[in-house]
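See below for query-v2.tsv, which holds TSV, C-alpha atoms.
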```
chain	number	residue	atom	x	y	z
I	354	MET	CA	-44.75	-16.33	32.71
I	355	PHE	CA	-42.02	-18.60	31.40
I	356	ARG	CA	-43.91	-19.03	28.14
I	357	ILE	CA	-44.27	-15.26	27.69
I	358	SER	CA	-40.57	-14.78	28.36
I	359	SER	CA	-39.70	-17.49	25.84
I	360	ILE	CA	-41.88	-15.86	23.20
I	361	ILE	CA	-40.24	-12.48	23.81
I	362	VAL	CA	-36.75	-13.98	23.58
I	363	THR	CA	-37.68	-15.83	20.39
I	364	LEU	CA	-39.08	-12.68	18.82
I	365	LEU	CA	-35.93	-10.75	19.74
I	366	ILE	CA	-33.72	-13.44	18.20
I	367	LEU	CA	-35.81	-13.43	15.03
I	368	TYR	CA	-35.66	-9.64	14.89
I	369	PHE	CA	-31.88	-9.41	15.27
I	370	CYS	CA	-31.30	-12.21	12.78
I	371	PHE	CA	-33.83	-11.49	10.06
I	372	TRP	CA	-35.30	-7.99	10.26
I	373	PRO	CA	-34.51	-6.25	6.94
I	374	VAL	CA	-31.97	-3.41	7.01
I	375	PRO	CA	-30.79	-1.16	4.15
I	376	VAL	CA	-27.15	-2.28	4.28
I	377	GLU	CA	-25.49	-5.36	2.78
I	378	PRO	CA	-22.11	-5.21	4.54
I	379	ILE	CA	-18.90	-6.23	2.77
I	380	ALA	CA	-15.89	-7.58	4.69
I	381	TRP	CA	-12.70	-5.55	4.62
I	382	ASN	CA	-9.46	-5.35	6.60
I	383	ALA	CA	-9.01	-2.19	8.65
I	384	PRO	CA	-5.39	-1.08	9.17
I	385	LYS	CA	-4.18	-0.97	12.76
I	386	ASP	CA	-5.08	2.32	14.39
I	387	LEU	CA	-1.84	4.07	15.38
I	388	GLY	CA	-3.72	6.78	17.26
I	389	TYR	CA	-2.50	10.26	18.06
I	390	GLN	CA	1.26	9.92	17.94
I	391	GLY	CA	4.18	11.04	15.81
I	392	VAL	CA	3.06	13.69	13.30
I	393	PHE	CA	-0.44	13.48	14.79
I	394	ALA	CA	0.59	13.89	18.43
I	395	GLN	CA	-2.25	15.47	20.37
I	396	ASN	CA	-2.28	19.26	20.73
I	397	HIS	CA	-4.75	22.06	21.52
I	398	LYS	CA	-4.08	24.50	18.68
I	399	LEU	CA	-7.76	24.65	17.70
I	400	ALA	CA	-8.98	25.25	21.24
I	401	ASP	CA	-9.44	29.02	20.92
I	402	LEU	CA	-11.32	29.48	17.70
I	403	GLU	CA	-13.13	32.72	16.96
I	404	HIS	CA	-16.80	32.02	16.29
I	405	LEU	CA	-18.73	33.77	13.51
I	406	ASP	CA	-22.50	34.17	13.34
I	407	ILE	CA	-24.21	32.21	10.53
I	408	ALA	CA	-27.73	33.68	10.63
I	409	ARG	CA	-29.24	31.02	12.89
I	410	GLU	CA	-28.21	28.25	10.48
I	411	HIS	CA	-26.07	25.21	11.24
I	412	GLY	CA	-23.61	22.89	9.55
I	413	PRO	CA	-21.26	25.23	7.60
I	414	GLU	CA	-19.85	22.19	5.78
I	415	ASP	CA	-17.64	24.00	3.27
I	416	MET	CA	-16.36	27.54	2.70
I	417	ASP	CA	-14.83	29.35	-0.25
I	418	ALA	CA	-13.76	32.90	-1.11
I	419	ASP	CA	-14.46	35.00	-4.19
I	420	SER	CA	-12.03	37.34	-5.95
I	421	GLU	CA	-13.17	40.29	-3.79
I	422	GLY	CA	-12.51	38.57	-0.47
I	423	ALA	CA	-16.08	37.64	0.45
I	424	ILE	CA	-16.44	34.25	2.16
I	425	TYR	CA	-19.23	31.80	1.34
I	426	ALA	CA	-20.50	28.89	3.46
I	427	SER	CA	-22.83	26.00	2.56
I	428	VAL	CA	-25.26	25.08	5.35
I	429	HIS	CA	-27.71	22.33	6.22
I	430	SER	CA	-30.92	24.16	5.33
I	431	GLY	CA	-29.91	24.50	1.68
I	432	TRP	CA	-28.67	28.07	1.83
I	433	VAL	CA	-25.31	29.35	0.70
I	434	LEU	CA	-24.31	32.12	3.09
I	435	LYS	CA	-22.05	35.09	2.33
I	436	LYS	CA	-19.73	37.11	4.57
I	437	GLU	CA	-18.61	40.37	3.01
I	438	SER	CA	-14.93	41.30	3.28
I	439	GLY	CA	-14.40	43.06	6.62
I	440	SER	CA	-17.59	41.71	8.18
I	441	ASP	CA	-17.66	39.19	11.02
I	442	ARG	CA	-21.04	37.62	10.25
I	443	PHE	CA	-22.61	35.58	7.45
I	444	GLU	CA	-25.93	36.42	5.79
I	445	ARG	CA	-28.18	34.29	3.60
I	446	TRP	CA	-27.27	34.65	-0.09
I	447	VAL	CA	-28.85	31.88	-2.24
I	448	ASP	CA	-31.14	28.97	-1.36
I	449	THR	CA	-30.28	25.97	-3.56
I	450	LYS	CA	-33.39	24.08	-2.39
I	451	GLY	CA	-31.08	21.16	-1.68
I	452	ARG	CA	-28.07	20.48	0.53
I	453	PRO	CA	-25.00	22.33	-0.75
I	454	LEU	CA	-21.67	20.80	0.25
I	455	GLY	CA	-18.38	21.46	-1.57
I	456	MET	CA	-17.94	24.73	-3.51
I	457	ASP	CA	-15.46	26.35	-5.88
I	458	PHE	CA	-15.45	29.48	-8.06
I	459	ASP	CA	-14.80	29.18	-11.78
I	460	ALA	CA	-12.89	31.70	-13.90
I	461	ALA	CA	-16.09	33.59	-14.75
I	462	GLY	CA	-17.00	34.10	-11.09
I	463	ASN	CA	-19.76	31.49	-10.98
I	464	LEU	CA	-19.95	29.50	-7.76
I	465	LEU	CA	-19.94	25.78	-8.51
I	466	VAL	CA	-21.67	23.71	-5.86
I	467	ALA	CA	-21.78	19.97	-5.22
I	468	ASP	CA	-25.33	19.72	-3.91
I	469	ALA	CA	-26.11	16.39	-2.25
I	470	TYR	CA	-29.76	16.57	-3.35
I	471	ARG	CA	-29.49	18.20	-6.78
I	472	GLY	CA	-26.09	17.31	-8.26
I	473	LEU	CA	-23.54	19.73	-9.71
I	474	LEU	CA	-24.84	23.32	-9.71
I	475	SER	CA	-23.56	26.64	-11.03
I	476	ILE	CA	-24.69	29.82	-9.27
I	477	ALA	CA	-24.17	33.02	-11.26
I	478	ARG	CA	-23.45	36.44	-9.80
I	479	ASP	CA	-27.15	37.32	-10.29
I	480	LYS	CA	-27.99	34.31	-8.07
I	481	SER	CA	-29.54	32.27	-10.88
I	482	ILE	CA	-28.94	28.53	-10.51
I	483	THR	CA	-28.16	26.09	-13.33
I	484	VAL	CA	-28.02	22.32	-12.86
I	485	LEU	CA	-24.93	21.24	-14.78
I	486	SER	CA	-25.13	17.52	-14.04
I	487	ASP	CA	-27.44	15.26	-12.06
I	488	HIS	CA	-26.94	12.00	-14.02
I	489	ILE	CA	-24.17	10.10	-15.72
I	490	GLY	CA	-25.87	8.05	-18.39
I	491	ASP	CA	-28.80	6.33	-16.67
I	492	SER	CA	-27.17	6.56	-13.25
I	493	PRO	CA	-28.42	9.38	-11.00
I	494	ILE	CA	-25.98	11.37	-8.90
I	495	LEU	CA	-27.28	10.68	-5.39
I	496	TYR	CA	-24.61	12.28	-3.17
I	497	ALA	CA	-22.64	15.03	-4.89
I	498	ASP	CA	-20.08	15.90	-2.24
I	499	ASP	CA	-17.11	18.05	-3.29
I	500	VAL	CA	-15.91	19.89	-6.38
I	501	ASP	CA	-12.79	21.53	-7.83
I	502	ILE	CA	-11.89	22.98	-11.20
I	503	ALA	CA	-8.87	22.25	-13.39
I	504	PRO	CA	-6.94	25.01	-15.17
I	505	ASP	CA	-8.49	23.80	-18.46
I	506	GLY	CA	-12.00	24.43	-17.06
I	507	LYS	CA	-13.03	20.81	-16.52
I	508	ILE	CA	-14.92	20.27	-13.28
I	509	TYR	CA	-14.06	17.32	-11.05
I	510	PHE	CA	-16.58	16.29	-8.41
I	511	SER	CA	-17.32	13.36	-6.15
I	512	ASP	CA	-20.47	11.27	-5.83
I	513	ALA	CA	-19.86	9.89	-2.36
I	514	SER	CA	-22.20	6.89	-2.54
I	515	VAL	CA	-24.20	5.32	-5.34
I	516	ARG	CA	-25.94	3.14	-2.73
I	517	PHE	CA	-27.18	5.70	-0.21
I	518	GLY	CA	-28.63	8.92	-1.50
I	519	VAL	CA	-28.87	11.85	0.88
I	520	GLU	CA	-32.47	12.89	0.27
I	521	VAL	CA	-34.02	9.44	0.76
I	522	ASN	CA	-31.92	8.59	3.82
I	523	GLY	CA	-32.57	11.63	5.97
I	524	GLY	CA	-29.48	13.76	5.39
I	525	THR	CA	-25.77	13.75	4.62
I	526	TYR	CA	-24.70	12.42	8.02
I	527	GLU	CA	-27.31	9.66	8.10
I	528	ALA	CA	-26.48	8.50	4.57
I	529	SER	CA	-22.74	8.54	5.32
I	530	LEU	CA	-23.24	6.30	8.37
I	531	LEU	CA	-25.06	3.75	6.21
I	532	ASP	CA	-22.29	3.81	3.62
I	533	VAL	CA	-19.59	3.41	6.28
I	534	MET	CA	-21.47	0.49	7.80
I	535	GLU	CA	-21.91	-1.27	4.45
I	536	HIS	CA	-18.46	-0.49	3.01
I	537	SER	CA	-19.47	-1.60	-0.48
I	538	ARG	CA	-17.10	0.85	-2.20
I	539	SER	CA	-19.79	2.49	-4.30
I	540	GLY	CA	-18.29	6.00	-4.33
I	541	ARG	CA	-16.97	7.59	-7.50
I	542	VAL	CA	-15.34	10.69	-8.99
I	543	LEU	CA	-16.87	12.31	-12.07
I	544	VAL	CA	-15.66	14.97	-14.50
I	545	TYR	CA	-17.92	17.51	-16.19
I	546	ASN	CA	-16.71	19.18	-19.36
I	547	PRO	CA	-18.36	22.60	-19.92
I	548	ALA	CA	-17.28	22.53	-23.58
I	549	ASP	CA	-19.66	19.70	-24.51
I	550	LYS	CA	-21.70	19.50	-21.27
I	551	SER	CA	-20.74	15.84	-20.82
I	552	THR	CA	-20.30	13.99	-17.53
I	553	LYS	CA	-17.86	11.09	-17.49
I	554	LEU	CA	-16.67	8.58	-14.90
I	555	LEU	CA	-13.09	9.09	-13.74
I	556	VAL	CA	-12.75	6.72	-10.75
I	557	ASP	CA	-15.11	4.30	-9.05
I	558	GLY	CA	-14.86	1.63	-6.36
I	559	LEU	CA	-14.18	4.14	-3.57
I	560	SER	CA	-15.45	3.68	-0.04
I	561	PHE	CA	-17.28	6.97	0.46
I	562	ALA	CA	-15.64	9.27	-2.09
I	563	ASN	CA	-15.44	12.63	-0.38
I	564	GLY	CA	-13.12	15.63	-0.86
I	565	ILE	CA	-11.59	16.69	-4.18
I	566	ALA	CA	-8.61	19.07	-4.44
I	567	MET	CA	-6.95	20.22	-7.63
I	568	ASP	CA	-3.23	20.64	-8.10
I	569	PRO	CA	-2.80	24.33	-9.10
I	570	ALA	CA	-0.70	23.19	-12.07
I	571	GLY	CA	-3.45	20.82	-13.22
I	572	GLN	CA	-1.34	17.65	-13.02
I	573	PHE	CA	-3.37	15.72	-10.45
I	574	ILE	CA	-6.32	15.72	-8.09
I	575	LEU	CA	-6.41	14.50	-4.50
I	576	ILE	CA	-9.36	12.36	-3.42
I	577	ASN	CA	-10.45	11.57	0.12
I	578	GLU	CA	-11.62	7.99	0.68
I	579	THR	CA	-13.30	8.54	4.01
I	580	SER	CA	-14.15	5.01	5.10
I	581	GLU	CA	-10.64	3.67	4.48
I	582	TYR	CA	-8.85	6.53	6.27
I	583	ARG	CA	-6.78	7.58	3.26
I	584	ILE	CA	-6.20	10.09	0.49
I	585	HIS	CA	-5.40	9.21	-3.14
I	586	LYS	CA	-3.53	11.10	-5.83
I	587	TYR	CA	-5.02	10.66	-9.30
I	588	TRP	CA	-2.93	11.94	-12.21
I	589	ILE	CA	-4.95	13.80	-14.85
I	590	ALA	CA	-1.96	14.91	-16.95
I	591	GLY	CA	1.70	14.12	-17.57
I	592	GLU	CA	3.52	10.80	-17.79
I	593	LYS	CA	1.34	9.19	-15.12
I	594	GLU	CA	-1.98	10.32	-16.59
I	595	GLY	CA	-4.77	7.92	-15.60
I	596	GLN	CA	-2.81	6.38	-12.71
I	597	MET	CA	-3.87	6.54	-9.06
I	598	GLU	CA	-1.75	6.02	-5.95
I	599	VAL	CA	-2.32	6.22	-2.20
I	600	LEU	CA	-0.84	9.52	-1.04
I	601	ILE	CA	-1.35	9.13	2.71
I	602	ASP	CA	-2.84	6.15	4.52
I	603	ASN	CA	-3.98	4.97	7.94
I	604	LEU	CA	-5.11	8.38	9.17
I	605	PRO	CA	-6.23	8.68	12.82
I	606	GLY	CA	-9.73	9.70	11.77
I	607	PHE	CA	-12.26	9.92	8.94
I	608	PRO	CA	-11.03	12.46	6.34
I	609	ASP	CA	-13.56	14.87	4.88
I	610	ASN	CA	-13.18	17.83	2.49
I	611	ILE	CA	-9.77	18.50	1.02
I	612	VAL	CA	-8.90	21.98	-0.24
I	613	THR	CA	-5.88	23.58	-1.91
I	614	GLY	CA	-4.29	26.08	0.49
I	615	GLN	CA	-1.26	28.32	0.28
I	616	ASP	CA	2.47	27.51	0.03
I	617	GLY	CA	1.85	24.04	-1.38
I	618	ARG	CA	-0.52	22.97	1.40
I	619	PHE	CA	-3.62	20.80	0.95
I	620	TRP	CA	-6.00	21.03	3.92
I	621	PHE	CA	-8.50	18.43	5.04
I	622	GLY	CA	-10.64	17.87	8.11
I	623	LEU	CA	-11.00	14.74	10.20
I	624	VAL	CA	-14.69	14.66	11.09
I	625	SER	CA	-14.17	12.12	13.87
I	626	PRO	CA	-11.40	10.03	15.38
I	627	ARG	CA	-11.45	6.42	14.31
I	628	LEU	CA	-13.91	4.27	16.22
I	629	PRO	CA	-12.56	0.99	17.63
I	630	ILE	CA	-15.93	-0.67	17.15
I	631	VAL	CA	-15.91	0.15	13.42
I	632	ASP	CA	-12.46	-1.37	12.97
I	633	PHE	CA	-13.46	-4.43	15.04
I	634	LEU	CA	-16.53	-4.99	12.85
I	635	ALA	CA	-14.64	-4.51	9.57
I	636	ASP	CA	-14.20	-8.22	8.76
I	637	LYS	CA	-17.53	-9.25	10.33
I	638	PRO	CA	-20.26	-8.25	7.87
I	639	TRP	CA	-22.87	-10.44	9.57
I	640	LEU	CA	-22.28	-8.63	12.85
I	641	ARG	CA	-22.46	-5.22	11.18
I	642	LYS	CA	-25.88	-6.18	9.88
I	643	LEU	CA	-26.96	-7.13	13.40
I	644	VAL	CA	-25.63	-3.83	14.77
I	645	GLN	CA	-27.69	-1.98	12.15
I	646	ARG	CA	-30.80	-3.45	13.78
I	647	LEU	CA	-29.99	-1.77	17.08
I	648	PRO	CA	-31.59	1.57	17.96
I	649	ALA	CA	-29.82	4.45	16.20
I	650	PHE	CA	-28.53	5.98	19.44
I	651	VAL	CA	-26.38	2.91	20.23
I	652	ARG	CA	-24.92	2.38	16.75
I	653	PRO	CA	-21.44	3.75	15.91
I	654	ALA	CA	-21.48	7.53	15.45
I	655	ALA	CA	-19.02	10.38	15.08
I	656	LYS	CA	-17.05	11.34	18.19
I	657	PHE	CA	-16.62	15.07	18.75
I	658	TYR	CA	-12.96	16.00	18.31
I	659	GLY	CA	-11.67	19.02	16.38
I	660	HIS	CA	-8.89	18.19	13.93
I	661	VAL	CA	-7.66	19.67	10.65
I	662	VAL	CA	-4.50	18.68	8.79
I	663	ALA	CA	-2.33	20.09	6.00
I	664	ILE	CA	-0.20	17.86	3.79
I	665	ASP	CA	2.00	18.64	0.81
I	666	ALA	CA	1.86	17.10	-2.66
I	667	LEU	CA	4.04	14.20	-1.50
I	668	GLY	CA	1.71	13.30	1.38
I	669	GLU	CA	3.97	14.69	4.11
I	670	VAL	CA	2.12	16.19	7.05
I	671	GLN	CA	2.88	19.90	7.37
I	672	VAL	CA	0.37	20.96	10.05
I	673	SER	CA	-1.92	19.16	12.50
I	674	LEU	CA	-4.28	21.36	14.51
I	675	GLN	CA	-6.46	19.77	17.16
I	676	ASP	CA	-8.99	20.39	19.91
I	677	PRO	CA	-9.61	17.17	21.86
I	678	SER	CA	-12.57	18.78	23.66
I	679	GLY	CA	-14.54	18.89	20.41
I	680	LYS	CA	-16.13	22.22	21.30
I	681	TYR	CA	-16.30	22.95	17.58
I	682	PRO	CA	-17.46	19.52	16.38
I	683	VAL	CA	-17.16	17.39	13.26
I	684	THR	CA	-14.52	19.51	11.52
I	685	THR	CA	-14.82	19.03	7.77
I	686	GLY	CA	-12.05	21.22	6.39
I	687	VAL	CA	-10.24	24.54	6.03
I	688	LEU	CA	-10.39	27.61	3.83
I	689	GLU	CA	-6.99	29.32	3.97
I	690	THR	CA	-6.78	33.06	3.28
I	691	ASP	CA	-3.85	35.43	3.72
I	692	ASP	CA	-4.85	36.16	7.31
I	693	TYR	CA	-7.03	33.31	8.60
I	694	LEU	CA	-7.84	29.64	8.56
I	695	TYR	CA	-11.63	29.30	8.32
I	696	ILE	CA	-12.72	25.97	9.82
I	697	SER	CA	-15.87	24.29	8.50
I	698	SER	CA	-18.12	21.84	10.34
I	699	LEU	CA	-20.94	19.43	9.55
I	700	MET	CA	-22.83	20.14	12.78
I	701	ALA	CA	-21.77	23.44	14.39
I	702	ASP	CA	-24.22	26.33	14.71
I	703	VAL	CA	-21.45	28.86	14.03
I	704	ALA	CA	-18.56	29.19	11.61
I	705	ALA	CA	-15.04	29.45	13.04
I	706	ARG	CA	-11.65	30.87	12.21
I	707	VAL	CA	-8.20	31.25	13.70
I	708	LYS	CA	-5.69	33.96	12.82
I	709	LYS	CA	-2.60	32.64	11.06
I	710	HIS	CA	0.77	33.01	12.73
I	711	ASP	CA	4.13	31.27	12.49
I	712	ASN	CA	3.62	29.03	15.52
I	713	LEU	CA	0.27	27.81	14.25
I	714	LEU	CA	1.80	26.57	11.00
I	715	ALA	CA	5.18	25.53	12.42
I	716	HIS	CA	4.47	21.81	12.80
I	717	LYS	CA	6.50	19.68	10.43
I	718	GLY	CA	6.26	15.94	10.03
I	719	ALA	CA	6.80	13.07	7.70
I	720	LYS	CA	4.59	10.79	5.70
I	721	GLN	CA	2.46	8.64	7.99
```
For the structure just supplied, provide its representation as structure tokens.
Amino acid sequence: MFRISSIIVTLLILYFCFWPVPVEPIAWNAPKDLGYQGVFAQNHKLADLEHLDIAREHGPEDMDADSEGAIYASVHSGWVLKKESGSDRFERWVDTKGRPLGMDFDAAGNLLVADAYRGLLSIARDKSITVLSDHIGDSPILYADDVDIAPDGKIYFSDASVRFGVEVNGGTYEASLLDVMEHSRSGRVLVYNPADKSTKLLVDGLSFANGIAMDPAGQFILINETSEYRIHKYWIAGEKEGQMEVLIDNLPGFPDNIVTGQDGRFWFGLVSPRLPIVDFLADKPWLRKLVQRLPAFVRPAAKFYGHVVAIDALGEVQVSLQDPSGKYPVTTGVLETDDYLYISSLMADVAARVKKHDNLLAHKGAKQ
């Protein structure tokens, strides 16, 4: 009996020390988690969301509106859904045969889609789909994540991870967990020029490059760096062209999509509060590799907590809307219209919105 026990223990030790895993973790220093205080003091302003039917789909990860007021949502199955103006339900519109994530309409009314499986797509009004970019040179785009368009027509989009493609790793969430665990800073931002159909590298070395939001004047873009809890400003024009700076840092959660709203607001979602175990493991790559050998259900995972935030162009927090219960989970971002805030989610089986009013948008804060 003792011998059997010794063999089992030895095999377990060998497994946890040497079993191959897909990640090669890199040490980094996590900033101290300040939690929900100051401008991020806990509230319940997202607790009473109105739910909208999404045709038995799930994961309305991003939403956008066309010039006629119809709302579109990208969902897990590969469909882009459409809600006509005045309706309270979404219907299936176009199947991309991939996993559509971020979306934006161009000046001609085409819906541009960052599809995690297929790259940068353009969907015409007649529902025909064109792949604009799925490679940059010899490097495939494995995790197209978000997209926005400059006033000059150039298209900026993120490739969240060069290391962990979505299709081969079981989905967007699964691939993102691998990238967070490795922290090898393989994310990048690309720019597609419709004039010559070229795709060029703008920024690399980002730890899970996520949301992209364009300054309406075309001076800069904002870039979410999810795994380092921060948002960058990259100047694409003016005296600072080509420079990048941290706009807001040490967020209380993992930032996802970022979208240009109204009145100078830029909205983003926090898909989960920060996880103490992730910060503890940050400078211990050997231990992160061991954790990756544990069963999936005990590894670090997103905690359900509803939270969306609006900042201005200087990084000052304007609005922080929360639901600590997480009834509408893994909040990825906001589409702001004249009347509503539409809240997107990576995992919900409905879409959600809340009617705008002065008290909802009254929160004012300062740079974190």
Show me a table, sorted first by chain and then by increasing residue number, of the residues of stretch 556-632 of chain I having an atom at most 12 Å from stretch 392-406 of chain I, each with its shortest atom pair and the distance in Å to one decimal, counting only C-alpha atoms and written as JSON lines.
```
{"residue": "I:Asn603", "atom": "CA", "partner": "I:Phe393", "partner_atom": "CA", "distance": 11.5}
{"residue": "I:Leu604", "atom": "CA", "partner": "I:Phe393", "partner_atom": "CA", "distance": 8.9}
{"residue": "I:Pro605", "atom": "CA", "partner": "I:Phe393", "partner_atom": "CA", "distance": 7.8}
{"residue": "I:Gly606", "atom": "CA", "partner": "I:Phe393", "partner_atom": "CA", "distance": 10.5}
{"residue": "I:Leu623", "atom": "CA", "partner": "I:Phe393", "partner_atom": "CA", "distance": 11.6}
{"residue": "I:Pro626", "atom": "CA", "partner": "I:Phe393", "partner_atom": "CA", "distance": 11.5}
```
- Skip stretch 545-554 of chain I itself and residues of its chain fewer than 2 positions away, then list as number ranges by chain all residues within 12 Å of it, counting all atoms listed in the file. I: 459, 465, 467, 472-475, 484-494, 500-503, 505-512, 540-543, 556-558, 595
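What separates atom CA of I:Leu530 from atom CA of I:Ala649 is a distance of 10.4 Å.
Here atom CA of I:Pro648 is placed at a distance of 21.9 Å from atom CA of I:Ser580.
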- Message: Using all atoms listed in the file, which protein or nucleic acid residues come within 10 Å of I:Glu527? Drop anything in the same chain fewer than 5 positions from it, and give the result as a PyMOL selection string.
- Response: chain I and resi 517-522+532+649+654
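Counting only C-alpha atoms, the residue from I:Arg471, I:Glu578, I:Val544, I:His660 that sits nearest to I:Ile696 is I:His660.
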Considering all atoms listed in the file, return as a JSON list (two decimals) with C-alpha atoms, keeping the file's coordinate frame whatever protein or nucleic-acid residues lie within 8 Å of stretch 379-383 of chain I, sequence-local ones (same chain, fewer than 5 positions apart) excluded.
```
[["chain", "number", "residue", "atom", "x", "y", "z"],
["I", 535, "GLU", "CA", -21.91, -1.27, 4.45],
["I", 536, "HIS", "CA", -18.46, -0.49, 3.01],
["I", 537, "SER", "CA", -19.47, -1.60, -0.48],
["I", 581, "GLU", "CA", -10.64, 3.67, 4.48],
["I", 632, "ASP", "CA", -12.46, -1.37, 12.97],
["I", 635, "ALA", "CA", -14.64, -4.51, 9.57],
["I", 636, "ASP", "CA", -14.20, -8.22, 8.76],
["I", 637, "LYS", "CA", -17.53, -9.25, 10.33],
["I", 638, "PRO", "CA", -20.26, -8.25, 7.87]]
```
- Selected residue of minimal separation from I:Asn610 among I:Val433, I:Leu531, I:Ala663, I:Ala461, counting all atoms listed in the file: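 Ranked by minimum distance to I:Asn610, first place goes to I:Ala663.
Taking atom CA of I:Val376 as the reference point, atom CA of I:Ala528 is found at 10.8 Å.
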- Query: Leaving out I:Arg583 and any residue of its chain fewer than 4 positions from it, which residues lie within 9 Å of it when counting all atoms listed in the file, given as a list of chain:residue names?
  - Reply: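 Counting all atoms listed in the file, the residues come to I:Ile576, I:Asn577, I:Glu578, I:Thr579, I:Val599, I:Leu600, I:Ile601, I:Asp602, I:Asn603, I:Leu604, I:Phe607, I:Pro608.
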- Query: Which one is closest to I:Arg538: I:Val466, I:Lys593, I:Arg706, I:Pro378? Count all atoms listed in the file.
  - Reply: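 Smallest distance to I:Arg538 is found for I:Pro378.
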